[in-house]
Structures are given as C-alpha cells and as structure tokens.
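Student: Got a structure for you, upload_4.csv, holding CSV, C-alpha atoms (C1' of nucleotides).
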chain,number,residue,atom,x,y,z
A,195,MET,CA,0.0,0.0,0.0
A,196,ARG,CA,1.5,3.2,-1.2
A,197,LEU,CA,0.8,6.5,0.5
A,198,THR,CA,1.1,9.7,-1.6
A,199,THR,CA,-0.6,13.0,-2.0
A,200,LYS,CA,-2.6,11.4,-4.8
A,201,GLY,CA,-4.5,9.3,-2.3
A,202,ARG,CA,-4.9,12.3,0.0
A,203,PHE,CA,-6.3,14.4,-2.8
A,204,ALA,CA,-8.8,11.6,-3.6
A,205,VAL,CA,-9.9,11.2,0.0
A,206,THR,CA,-10.3,15.0,0.4
A,207,ALA,CA,-12.3,15.2,-2.8
A,208,MET,CA,-14.5,12.3,-1.8
A,209,MET,CA,-15.1,14.1,1.5
A,210,ASP,CA,-16.2,17.1,-0.4
A,211,LEU,CA,-18.7,15.0,-2.3
A,212,ALA,CA,-19.9,13.4,0.8
A,213,LEU,CA,-20.5,16.6,2.6
A,214,ARG,CA,-22.8,18.0,-0.2
A,215,GLY,CA,-24.0,14.8,-1.7
A,216,ASP,CA,-27.7,15.4,-1.0
A,217,GLU,CA,-27.8,18.4,-3.3
A,218,GLY,CA,-27.5,16.2,-6.3
A,219,PRO,CA,-24.3,15.7,-8.4
A,220,VAL,CA,-21.3,17.7,-7.5
A,221,ALA,CA,-19.2,19.2,-10.3
A,222,LEU,CA,-15.5,18.8,-10.2
A,223,ALA,CA,-15.0,22.5,-10.9
A,224,GLY,CA,-16.5,23.2,-7.5
A,225,VAL,CA,-14.4,20.6,-5.7
A,226,SER,CA,-11.4,22.1,-7.5
A,227,GLU,CA,-11.9,25.5,-6.1
A,228,ARG,CA,-13.0,24.5,-2.6
A,229,GLN,CA,-10.2,22.1,-2.1
A,230,ARG,CA,-7.6,23.9,-4.3
A,231,ILE,CA,-6.9,20.9,-6.4
A,232,SER,CA,-6.2,21.1,-10.1
A,233,LEU,CA,-9.3,20.4,-12.1
A,234,SER,CA,-7.6,18.3,-14.7
A,235,TYR,CA,-5.9,16.3,-12.0
A,236,LEU,CA,-9.2,15.7,-10.3
A,237,GLU,CA,-10.6,14.5,-13.6
A,238,GLN,CA,-7.9,11.9,-13.8
A,239,LEU,CA,-8.5,10.8,-10.2
A,240,PHE,CA,-12.3,10.6,-10.7
A,241,GLY,CA,-11.8,8.6,-13.8
A,242,LYS,CA,-10.2,5.9,-11.7
A,243,LEU,CA,-12.8,6.3,-8.9
A,244,ARG,CA,-15.5,5.8,-11.4
A,245,ARG,CA,-13.9,2.7,-12.9
A,246,PHE,CA,-13.7,1.3,-9.4
A,247,LYS,CA,-17.4,1.9,-9.0
A,248,LEU,CA,-16.9,4.3,-6.1
A,249,VAL,CA,-18.7,7.2,-7.8
A,250,ASP,CA,-21.4,7.6,-10.4
A,251,SER,CA,-21.2,10.4,-13.0
A,252,VAL,CA,-23.8,12.6,-14.5
A,253,ARG,CA,-22.9,14.4,-17.7
A,254,GLY,CA,-24.2,17.7,-19.0
A,255,PRO,CA,-25.1,20.9,-17.2
A,256,GLY,CA,-26.0,20.3,-13.6
A,257,GLY,CA,-24.1,17.1,-13.8
A,258,GLY,CA,-21.2,16.0,-11.7
A,259,TYR,CA,-20.3,13.0,-9.5
A,260,CYS,CA,-22.2,11.2,-6.8
A,261,ILE,CA,-20.9,8.7,-4.3
A,262,ALA,CA,-22.1,5.3,-5.5
A,263,ARG,CA,-22.8,3.7,-2.2
A,264,PRO,CA,-23.8,4.6,1.3
A,265,LEU,CA,-21.1,6.6,3.0
A,266,SER,CA,-20.5,3.8,5.6
A,267,MET,CA,-19.7,1.4,2.8
A,268,VAL,CA,-16.8,3.5,1.3
A,269,THR,CA,-13.6,3.1,3.2
A,270,VAL,CA,-10.4,5.2,2.9
A,271,ALA,CA,-8.7,2.0,1.9
A,272,ASP,CA,-11.1,1.7,-1.1
A,273,ILE,CA,-10.3,5.2,-2.3
A,274,ILE,CA,-6.6,4.8,-2.0
A,275,ARG,CA,-6.7,1.4,-3.7
A,276,ALA,CA,-8.6,3.0,-6.6
A,277,VAL,CA,-6.1,5.8,-7.3
A,278,ASP,CA,-2.8,4.4,-6.1
A,279,GLU,CA,-3.0,1.3,-8.3
A,280,PRO,CA,-0.3,-1.1,-7.3
A,281,LEU,CA,-1.8,-2.0,-3.9
A,282,ASP,CA,1.1,-4.0,-2.4
A,283,ALA,CA,4.2,-2.5,-3.8
A,284,THR,CA,5.5,-2.6,-0.3
A,285,GLN,CA,6.3,-6.3,-0.4
A,286,CYS,CA,8.6,-8.3,-2.5
A,287,GLY,CA,6.0,-10.0,-4.7
A,288,GLY,CA,7.6,-13.4,-4.4
A,289,ARG,CA,10.7,-12.6,-6.3
A,290,GLU,CA,12.9,-9.6,-6.0
A,291,ASN,CA,15.0,-9.5,-2.9
A,292,CYS,CA,13.5,-12.7,-1.7
A,293,ILE,CA,16.4,-15.2,-1.8
A,294,ASP,CA,15.9,-18.4,-3.7
A,295,GLU,CA,12.6,-20.0,-2.9
A,296,HIS,CA,12.8,-19.0,0.7
A,297,ARG,CA,11.0,-15.9,1.7
A,298,CYS,CA,13.4,-13.2,2.6
A,299,MET,CA,14.0,-12.7,6.3
A,300,THR,CA,12.0,-9.6,6.5
A,301,HIS,CA,9.1,-10.8,4.4
A,302,GLU,CA,6.7,-11.3,7.3
A,303,LEU,CA,7.6,-7.9,8.8
A,304,TRP,CA,6.4,-6.1,5.7
A,305,SER,CA,3.3,-8.1,5.1
A,306,THR,CA,2.3,-7.6,8.7
A,307,LEU,CA,2.8,-3.9,8.5
A,308,ASN,CA,0.9,-3.8,5.2
A,309,ALA,CA,-2.0,-5.6,6.9
A,310,LYS,CA,-2.0,-3.2,9.8
A,311,MET,CA,-2.1,-0.2,7.5
A,312,TYR,CA,-4.9,-1.8,5.5
A,313,ASP,CA,-6.8,-2.7,8.6
A,314,TYR,CA,-6.8,0.8,9.8
A,315,LEU,CA,-7.7,2.4,6.6
A,316,SER,CA,-10.4,-0.1,6.0
A,317,SER,CA,-11.8,0.7,9.4
A,318,VAL,CA,-12.4,4.3,8.6
A,319,SER,CA,-15.4,5.1,6.3
A,320,LEU,CA,-16.4,8.3,4.7
A,321,ALA,CA,-19.3,8.3,7.1
A,322,ASP,CA,-16.8,8.4,10.0
A,323,LEU,CA,-14.9,11.2,8.4
A,324,VAL,CA,-18.1,13.2,7.8
A,325,ALA,CA,-19.2,12.7,11.4
A,326,ARG,CA,-15.9,13.8,12.7
A,327,GLN,CA,-15.9,16.9,10.4
A,328,GLN,CA,-19.3,18.0,11.5
A,329,GLU,CA,-18.4,17.6,15.1
A,330,LYS,CA,-15.4,19.8,14.5
A,331,GLU,CA,-17.5,22.4,12.7
A,332,ALA,CA,-20.2,22.4,15.4
A,333,SER,CA,-17.7,23.0,18.2
A,334,LEU,CA,-16.1,25.8,16.3
A,335,GLY,CA,-19.3,27.4,15.3
A,336,ALA,CA,-17.7,28.3,12.0
A,337,ALA,CA,-19.1,27.4,8.6
A,338,THR,CA,-16.2,29.0,6.8
A,339,VAL,CA,-14.2,26.0,6.0
A,340,LEU,CA,-16.5,24.5,3.4
A,341,GLU,CA,-17.9,27.7,1.9
A,342,ASP,CA,-18.2,28.0,-1.8
A,343,ARG,CA,-15.2,30.0,-3.0
A,344,ARG,CA,-16.1,30.4,-6.7
A,345,ILE,CA,-15.4,33.9,-7.9
A,346,GLY,CA,-17.3,34.2,-11.1
A,347,PRO,CA,-21.1,34.3,-11.4
A,348,HIS,CA,-21.4,30.6,-12.0
A,349,PRO,CA,-25.0,30.1,-11.0
A,350,ARG,CA,-25.7,26.9,-9.3
A,351,PRO,CA,-27.9,24.7,-11.6
A,352,ARG,CA,-31.1,23.1,-10.6
A,353,ASN,CA,-31.1,21.6,-7.2
A,354,THR,CA,-29.6,24.6,-5.6
A,355,ARG,CA,-32.1,25.0,-2.8
A,356,ASP,CA,-29.5,27.0,-1.1
A,357,LYS,CA,-29.8,25.0,2.0
A,358,ALA,CA,-26.7,26.9,3.2
A,359,ALA,CA,-23.3,25.7,2.1
A,360,VAL,CA,-22.6,24.3,5.5
A,361,ALA,CA,-23.2,20.7,6.0
A,362,LEU,CA,-24.8,17.5,5.1
B,157,MET,CA,6.8,7.7,7.2
B,158,ARG,CA,7.6,6.6,3.8
B,159,LEU,CA,8.0,2.9,2.8
B,160,THR,CA,10.3,1.9,0.0
B,161,THR,CA,12.8,-0.8,-0.9
B,162,LYS,CA,15.4,1.5,0.5
B,163,GLY,CA,14.1,0.9,4.0
B,164,ARG,CA,13.7,-2.8,3.3
B,165,PHE,CA,17.2,-3.1,2.1
B,166,ALA,CA,18.5,-1.3,5.2
B,167,VAL,CA,16.5,-3.6,7.5
B,168,THR,CA,17.6,-6.7,5.7
B,169,ALA,CA,21.3,-5.6,5.8
B,170,MET,CA,21.0,-4.8,9.5
B,171,MET,CA,19.5,-8.3,10.0
B,172,ASP,CA,22.6,-9.7,8.3
B,173,LEU,CA,24.8,-7.8,10.7
B,174,ALA,CA,22.8,-8.8,13.7
B,175,LEU,CA,23.0,-12.5,12.8
B,176,ARG,CA,26.8,-12.5,12.6
B,177,GLY,CA,27.6,-9.6,14.9
B,178,ASP,CA,29.6,-11.6,17.4
B,179,GLU,CA,32.2,-12.5,14.8
B,180,GLY,CA,33.5,-8.9,14.8
B,181,PRO,CA,32.9,-6.3,12.2
B,182,VAL,CA,30.9,-7.4,9.1
B,183,ALA,CA,32.1,-6.2,5.7
B,184,LEU,CA,29.6,-4.8,3.3
B,185,ALA,CA,31.0,-6.9,0.5
B,186,GLY,CA,29.7,-10.0,2.4
B,187,VAL,CA,26.3,-8.4,3.0
B,188,SER,CA,26.2,-7.5,-0.6
B,189,GLU,CA,26.6,-11.1,-1.8
B,190,ARG,CA,24.5,-12.8,0.8
B,191,GLN,CA,21.6,-10.4,0.5
B,192,ARG,CA,22.1,-9.6,-3.2
B,193,ILE,CA,22.2,-5.9,-2.7
B,194,SER,CA,24.5,-3.6,-4.7
B,195,LEU,CA,27.6,-2.9,-2.7
B,196,SER,CA,27.7,0.8,-3.7
B,197,TYR,CA,24.1,1.1,-2.7
B,198,LEU,CA,24.8,-0.5,0.7
B,199,GLU,CA,27.6,1.9,1.2
B,200,GLN,CA,25.2,4.8,0.8
B,201,LEU,CA,22.7,3.3,3.2
B,202,PHE,CA,25.3,2.5,5.8
B,203,GLY,CA,26.6,6.1,5.6
B,204,LYS,CA,23.3,7.2,6.8
B,205,LEU,CA,23.0,4.4,9.4
B,206,ARG,CA,26.3,5.5,10.8
B,207,ARG,CA,25.4,9.2,10.9
B,208,PHE,CA,22.3,8.1,12.9
B,209,LYS,CA,24.6,6.2,15.3
B,210,LEU,CA,22.9,2.9,14.6
B,211,VAL,CA,26.2,1.3,13.5
B,212,ASP,CA,29.9,1.7,14.2
B,213,SER,CA,32.5,1.4,11.5
B,214,VAL,CA,35.9,-0.2,11.5
B,215,ARG,CA,38.2,0.6,8.6
B,216,GLY,CA,41.0,-1.4,7.0
B,217,PRO,CA,41.3,-5.1,6.5
B,218,GLY,CA,39.1,-7.1,8.8
B,219,GLY,CA,37.0,-4.0,9.2
B,220,GLY,CA,33.3,-3.6,8.6
B,221,TYR,CA,30.3,-2.5,10.5
B,222,CYS,CA,29.0,-3.4,14.0
B,223,ILE,CA,25.6,-2.6,15.4
B,224,ALA,CA,26.1,0.2,17.9
B,225,ARG,CA,23.6,-0.8,20.5
B,226,PRO,CA,22.0,-3.9,22.0
B,227,LEU,CA,19.8,-5.5,19.4
B,228,SER,CA,16.7,-5.0,21.5
B,229,MET,CA,17.4,-1.2,21.4
B,230,VAL,CA,17.4,-1.0,17.6
B,231,THR,CA,13.9,-0.9,16.2
B,232,VAL,CA,12.8,-1.2,12.6
B,233,ALA,CA,11.4,2.4,12.9
B,234,ASP,CA,14.9,3.6,13.8
B,235,ILE,CA,16.4,2.0,10.7
B,236,ILE,CA,13.7,3.4,8.3
B,237,ARG,CA,13.9,6.8,9.8
B,238,ALA,CA,17.7,6.8,9.2
B,239,VAL,CA,17.6,6.0,5.5
B,240,ASP,CA,14.2,7.3,4.4
B,241,GLU,CA,14.9,10.8,5.6
B,242,PRO,CA,11.7,12.8,5.5
B,243,LEU,CA,9.9,11.1,8.3
B,244,ASP,CA,6.5,12.5,7.9
B,245,ALA,CA,6.1,13.2,4.3
B,246,THR,CA,2.7,11.6,4.7
B,247,GLN,CA,1.1,14.6,6.2
B,248,CYS,CA,0.7,18.2,5.0
B,249,GLY,CA,3.3,19.8,7.2
B,250,GLY,CA,1.0,22.6,8.3
B,251,ARG,CA,0.6,24.2,4.9
B,252,GLU,CA,0.1,22.5,1.5
B,253,ASN,CA,-3.4,21.3,1.0
B,254,CYS,CA,-4.4,22.4,4.4
B,255,ILE,CA,-6.8,25.2,3.8
B,256,ASP,CA,-6.3,28.6,5.4
B,257,GLU,CA,-5.3,28.2,9.0
B,258,HIS,CA,-7.7,25.4,9.5
B,259,ARG,CA,-6.2,21.9,9.3
B,260,CYS,CA,-7.5,20.1,6.3
B,261,MET,CA,-10.4,17.8,6.8
B,262,THR,CA,-8.3,14.7,6.5
B,263,HIS,CA,-5.4,15.9,8.6
B,264,GLU,CA,-6.2,13.7,11.6
B,265,LEU,CA,-6.7,10.7,9.4
B,266,TRP,CA,-3.2,10.8,8.1
B,267,SER,CA,-1.5,11.6,11.3
B,268,THR,CA,-3.3,8.8,13.0
B,269,LEU,CA,-2.2,6.4,10.3
B,270,ASN,CA,1.3,7.6,10.6
B,271,ALA,CA,1.2,7.0,14.4
B,272,LYS,CA,-0.1,3.5,13.9
B,273,MET,CA,2.6,2.6,11.4
B,274,TYR,CA,5.2,4.1,13.7
B,275,ASP,CA,3.9,2.3,16.7
B,276,TYR,CA,4.1,-1.0,15.0
B,277,LEU,CA,7.6,-0.5,13.5
B,278,SER,CA,8.8,0.8,16.8
B,279,SER,CA,7.5,-2.3,18.6
B,280,VAL,CA,9.7,-4.6,16.5
B,281,SER,CA,13.4,-4.7,17.3
B,282,LEU,CA,16.3,-6.4,15.6
B,283,ALA,CA,16.3,-8.8,18.6
B,284,ASP,CA,12.8,-9.8,17.7
B,285,LEU,CA,13.6,-10.3,14.1
B,286,VAL,CA,16.6,-12.4,14.9
B,287,ALA,CA,14.7,-14.6,17.3
B,288,ARG,CA,12.0,-15.1,14.7
B,289,GLN,CA,14.6,-15.9,12.1
B,290,GLN,CA,16.3,-18.5,14.2
B,291,GLU,CA,13.1,-20.1,15.1
B,292,LYS,CA,12.3,-20.5,11.4
B,293,GLU,CA,15.7,-21.9,10.7
B,294,ALA,CA,15.5,-24.4,13.5
B,295,SER,CA,12.1,-25.7,12.4
B,296,LEU,CA,13.4,-26.0,8.9
B,297,GLY,CA,16.6,-27.6,9.9
B,298,ALA,CA,18.3,-25.8,7.1
B,299,ALA,CA,21.2,-23.5,7.4
B,300,THR,CA,21.3,-22.7,3.7
B,301,VAL,CA,19.6,-19.4,3.8
B,302,LEU,CA,22.4,-17.5,5.4
B,303,GLU,CA,25.3,-19.3,3.9
B,304,ASP,CA,28.2,-17.4,2.5
B,305,ARG,CA,27.7,-17.1,-1.2
B,306,ARG,CA,31.0,-15.5,-2.2
B,307,ILE,CA,32.4,-17.0,-5.3
B,308,GLY,CA,36.0,-15.9,-5.3
B,309,PRO,CA,38.7,-17.0,-2.9
B,310,HIS,CA,38.1,-14.0,-0.7
B,311,PRO,CA,39.6,-15.5,2.5
B,312,ARG,CA,37.8,-14.4,5.7
B,313,PRO,CA,40.0,-12.1,7.8
B,314,ARG,CA,40.9,-12.6,11.4
B,315,ASN,CA,38.0,-13.6,13.6
B,316,THR,CA,36.9,-16.3,11.3
B,317,ARG,CA,36.7,-18.9,13.9
B,318,ASP,CA,34.3,-20.7,11.6
B,319,LYS,CA,31.7,-21.0,14.2
B,320,ALA,CA,29.5,-22.2,11.5
B,321,ALA,CA,27.8,-19.6,9.4
B,322,VAL,CA,24.4,-20.3,10.9
B,323,ALA,CA,23.5,-18.1,13.7
B,324,LEU,CA,24.1,-15.8,16.6
C,291,DA,C1',54.4,-1.3,1.0
C,292,DT,C1',50.4,-3.2,-0.2
C,293,DA,C1',45.9,-4.8,0.1
C,294,DT,C1',41.7,-4.2,2.5
C,295,DA,C1',37.6,-1.7,3.3
C,296,DG,C1',35.2,2.2,4.7
C,297,DT,C1',34.0,7.2,2.9
C,298,DT,C1',32.6,10.6,-0.2
C,299,DG,C1',30.8,12.7,-4.2
C,300,DA,C1',29.3,12.9,-8.8
C,301,DC,C1',26.6,10.9,-12.0
C,302,DC,C1',22.9,8.2,-14.6
C,303,DG,C1',18.5,5.9,-16.3
C,304,DT,C1',14.0,4.9,-15.1
C,305,DA,C1',9.6,5.5,-13.1
C,306,DA,C1',6.2,7.7,-10.7
C,307,DC,C1',4.1,11.9,-9.3
C,308,DA,C1',1.8,16.2,-9.9
C,309,DG,C1',0.1,19.1,-13.1
C,310,DT,C1',-1.2,21.1,-18.0
C,311,DA,C1',-3.4,21.3,-22.4
C,312,DG,C1',-6.4,20.0,-25.8
C,313,DG,C1',-9.8,17.7,-27.6
C,314,DT,C1',-14.4,14.8,-27.7
C,315,DT,C1',-18.9,13.3,-26.2
C,316,DA,C1',-23.2,13.5,-23.8
C,317,DT,C1',-26.9,16.3,-21.8
C,318,DT,C1',-29.5,20.1,-20.3
C,319,DT,C1',-31.4,24.6,-21.1
C,320,DG,C1',-32.9,28.8,-23.7
D,248,DC,C1',-31.9,23.6,-32.9
D,249,DA,C1',-27.9,25.9,-30.7
D,250,DA,C1',-25.3,26.9,-27.0
D,251,DA,C1',-23.5,26.0,-22.7
D,252,DT,C1',-22.1,22.7,-19.4
D,253,DA,C1',-19.4,19.2,-17.6
D,254,DA,C1',-17.8,14.6,-17.9
D,255,DC,C1',-14.4,12.0,-20.5
D,256,DC,C1',-10.0,10.9,-22.7
D,257,DT,C1',-5.3,11.3,-24.5
D,258,DA,C1',-1.0,13.1,-24.6
D,259,DC,C1',2.5,15.7,-22.9
D,260,DT,C1',5.4,18.3,-19.5
D,261,DG,C1',8.6,19.1,-15.4
D,262,DT,C1',10.2,17.5,-11.1
D,263,DT,C1',11.5,14.3,-7.8
D,264,DA,C1',13.1,10.1,-5.8
D,265,DC,C1',14.7,5.6,-6.4
D,266,DG,C1',18.0,2.2,-7.5
D,267,DG,C1',22.4,1.8,-9.0
D,268,DT,C1',27.3,2.8,-11.0
D,269,DC,C1',31.8,4.8,-11.0
D,270,DA,C1',36.0,6.9,-9.4
D,271,DA,C1',38.7,8.8,-6.1
D,272,DC,C1',40.2,9.1,-1.4
D,273,DT,C1',41.5,7.8,3.4
D,274,DA,C1',42.5,4.9,7.3
D,275,DT,C1',44.2,0.5,9.0
D,276,DA,C1',46.2,-4.1,9.4
D,277,DT,C1',49.6,-7.4,7.8
Let's see the structure in the file written out as structure tokens.

Tutor:
Amino acid sequence: MRLTTKGRFAVTAMMDLALRGDEGPVALAGVSERQRISLSYLEQLFGKLRRFKLVDSVRGPGGGYCIARPLSMVTVADIIRAVDEPLDATQCGGRENCIDEHRCMTHELWSTLNAKMYDYLSSVSLADLVARQQEKEASLGAATVLEDRRIGPHPRPRNTRDKAAVAL
Amino acid sequence: MRLTTKGRFAVTAMMDLALRGDEGPVALAGVSERQRISLSYLEQLFGKLRRFKLVDSVRGPGGGYCIARPLSMVTVADIIRAVDEPLDATQCGGRENCIDEHRCMTHELWSTLNAKMYDYLSSVSLADLVARQQEKEASLGAATVLEDRRIGPHPRPRNTRDKAAVAL
DNA sequence: ATATAGTTGACCGTAACAGTAGGTTATTTG
DNA sequence: CAAATAACCTACTGTTACGGTCAACTATAT
C-alpha cells in the first residue's frame, strides 16, 4: 500500500462530495476551487474512482459526481486502492530481494505492516470522516471551512435549494 | 513515514549484521553477496545508518560494521527513519493542501495512520527479528539461507573462527 | 608497501508523481 | 436547434526520488 498526495487528494475530494452529496451531483469545478486541487488532475482521479465503482457520473449541465454507495460502505482503503493502483508494492512480490525460494528474512515484517495499515484504513469510512468533520464544525461554530469559493457568477444549476453551504 | 525498498534493504542488511555480529565487524562486501544488494548502494545506506549512530564502522582489512547498540534497542522504525529521511512526508506539514489556518479535513486521518505505522515499527526490534529468524531456521533444519555465497577465494580475515555460518 | 575496506561525491536511467493542455462526447437549457 | 455545461479521454510536461554505478580518497592491518 503506497501513500502519496494522490491518495490524500482523492480522499479529500470524496469528503467534499460526501458533505454535499444530498444536493445532487457535485461538479469537479466546485471541488477544485473549494479544495484547491487542479481540475484536470481531479478529472484523472475521478476517472479511476468511477472505474472502481466508487462514484457515479452525470454528464451535461447540472451534472457531476455522486458517491455510488452509502457513506458507511466506502472506506479510505477503497479510495486509496482505486487511485494508487499497485496495492502492495511494499512487499517483494515473491521474487525480487526474496532469496531463492525462501521468503526473505523480513518478508513477514512487511506483510504484517501492510496488513496493519490496510486494517486501519479499512476501518475508517467516509461516514466516519463526515461525522468527525461535522463535530469539529459544530464545536467551532464556524461554517467558513467549506464555503463555496467560486469567484465568477457561476450560477448553481437546478437543485440549488440554497440549503446553506454548511453541511450534510 | 515513507515505505520503500530502500528501507527494506536497510533492515535486511541490519539483520545480516545482527546474525553474525559476534564475529567482529561485518564487511559490506559480504552483506552484498549474501543479500544480493548492490555494494555501492549499501555503502550509501550505511553512511546514513552510521550518521544516525545505529552502526559503528571499522576501517581497514578485517573491518566492517557493527551494530552500535544492543539488538533490542534498535527498532525497525529507527532504521527506516535513518535511511528514508523525510519522516512524515505523509502529512501536510501545516501548509500545503491544508486550507487557510484550519487543518484540512483529513489531517487527523493521516497523522493517526502515521502514528499507527510508527507504533508497529517501533515495537519490532532487531532482537525480535533475529529470534523469529532463528526459530524459522530451527524448524526447517536448514542453514542454507544465510550461507556465505562468495564465489572468489576472498579469505575471511581474522576472527573467522568458523563457528558455522548459521546463527548468533 | 600493499591490500583491504570504509568514505565521499558525482553521476545516470528509469519511473512515478503532480500538473497542464487539448480535444471529444453527452446532456440540459434557452 | 444551438449553446453552454461538464464529464471523459489522451498526450505531454517538469520534477523528484529511487536504484544503481563509478571513481577517487583515506584509514588501517599485515
């Protein structure tokens, strides 16, 4: 399991979707500006997330992405696996540094570590992250963090019931 | 905490040292052949390990490296920290993707993961790995894994009491 | 004196990451 | 229908780190 900003970006973007998922599809342009992530880069990441069935896409005006399952069924491990393709680059995949047919002396060490990381990231779902985030916002009394930062007129399409940009 | 083959190589090499540490300094040339790791690469790694005081070096014929502390006082985390310099590249170090002065929504997620990885790797010492390895060898009845694979004549210097190449 | 072996620094090819740019296709709205 | 929107796709860039090589140097033991 590899850990890079790629995976972090993906989790952050999925969080953004989760927090405003009930307003219909979320456009990447919005995610890009709120989370300060390059739009084209997001498009690449969401291409992968879509191929892994973690999100559904809606094309055309008012379109965007929706999370494809209940938030409690999407774990951080799922997201990272989707974008950071080679899941277990951490281990010598049988060959490579493993001597002869014996497993290398440290083989178990790495596979155990891998499992521990995977266990943790699998234990955290988007629902958990959303709950944690809302808790934080409530205690701060501030809705600023997730405000819409778009500069232009960019009128929200359709479902903008302007339920306040705050939360779920 | 980054995980790469660099760290794996370093741990493997330290294991090699640990397993024959009582025969005096261990030359990198031997480690290189036994563990199939490029000598020059090992030299780089051990330069770092030495600067982090994890090993002591002895120059000249019969020289090599010794582990600088009791095996139980050297953890895998120590080794990885020494060679994979930027310890916590996993987190946004305060800036970078963290929005405004607020910590980004996923900040805690990553720092918790980091702590979990660190906890595990800190809980495993070279003494543990050595014990595990000897157990494995005993049950296999095979001493082949750690045999000296040098091809040339390369006579062992000094302390070669030929205590059998097997173990501690 | 000579061979050994650690020490240092420069260098190289590859691959992955992070990001950019341009285009195409589908869908909604006026 | 036409125009705007936004997903989709491909190719390309610049940077970084990894994995590894090479050559020169210094200290030490025989």

Student: Between D:DT252, D:DT263, D:DT275, D:DT268, which is the closest to chain A once you count only C-alpha atoms (C1' of nucleotides)?

Tutor: D:DT252

Student: What residues in chain D lie within 8 Å of chain A, counting only C-alpha atoms (C1' of nucleotides), written as a list in words?

Tutor: DA251, DT252, DA253, DA254 and DC255 of chain D

Student: I'd like to know which of A:Ser333, A:Leu315, A:Arg244, A:Glu217 is closest to chain B, using all atoms listed in the file.

Tutor: A:Leu315

Student: Using only C-alpha atoms, find each residue in chain A having at least one atom no more than 7 Å away from chain B; report its shortest atom-to-atom pair and that distance in Å (one decimal), rows by chain then rising number, as a tab-separated table.

Tutor:
residue	atom	partner	partner_atom	distance
A:Leu197	CA	B:Thr246	CA	6.9
A:Thr198	CA	B:Thr246	CA	6.8
A:Thr206	CA	B:Thr262	CA	6.4
A:Thr284	CA	B:Thr160	CA	6.6
A:Met299	CA	B:Gln289	CA	6.7
A:Thr300	CA	B:Thr168	CA	6.4
A:Met311	CA	B:Met273	CA	6.7
A:Gln327	CA	B:Met261	CA	6.6

Student: Return the neighbours of chain A among the residues of chain C, cut-off 12 Å, counting all atoms listed in the file, as an MDAnalysis selection string.

Tutor: chainID C and resid 306:312 315:319

Student: Compare B:Ser188, B:Cys222, B:Ala271, B:Glu293 by their minimum atom-to-atom distance to Leu205 in chain B, counting all atoms listed in the file, and give me the closest one.

Tutor: B:Cys222

Student: I'd like the interatomic distance between CA of Ala204 in chain A and CA of Ala233 in chain B, to a tenth of an Å.

Tutor: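 According to the coordinates, CA of Ala204 in chain A and CA of Ala233 in chain B are separated by 27.7 Å.
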
Student: Go through C:DA300, C:DG320, C:DT292, C:DT314 and flag the residue nearest DA271 in chain D, using all atoms listed in the file for the distances.

Tutor: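 Smallest separation from DA271 in chain D among the options: C:DA300.
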
Student: How far is it from CA of Ile235 in chain B to CA of Val211 in chain B, in Å with one decimal?

Tutor: 10.2 Å

Student: Have a look at CA of Asp313 in chain A and CA of Arg275 in chain A and let me know their distance in Å, one decimal.

Tutor: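 Rounded to one decimal, the two atoms are 13.0 Å apart.
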
Student: With a distance cut-off of 9 Å and only C-alpha atoms (C1' of nucleotides), select the neighbouring residues of Leu248 in chain A, excluding the residue or stretch itself and same-chain residues fewer than 2 positions from it, and output the selection as a list of chain:residue names.

Tutor: A:Lys242, A:Leu243, A:Arg244, A:Arg245, A:Phe246, A:Asp250, A:Cys260, A:Ile261, A:Ala262, A:Arg263, A:Val268, A:Asp272, A:Ile273, A:Ala276
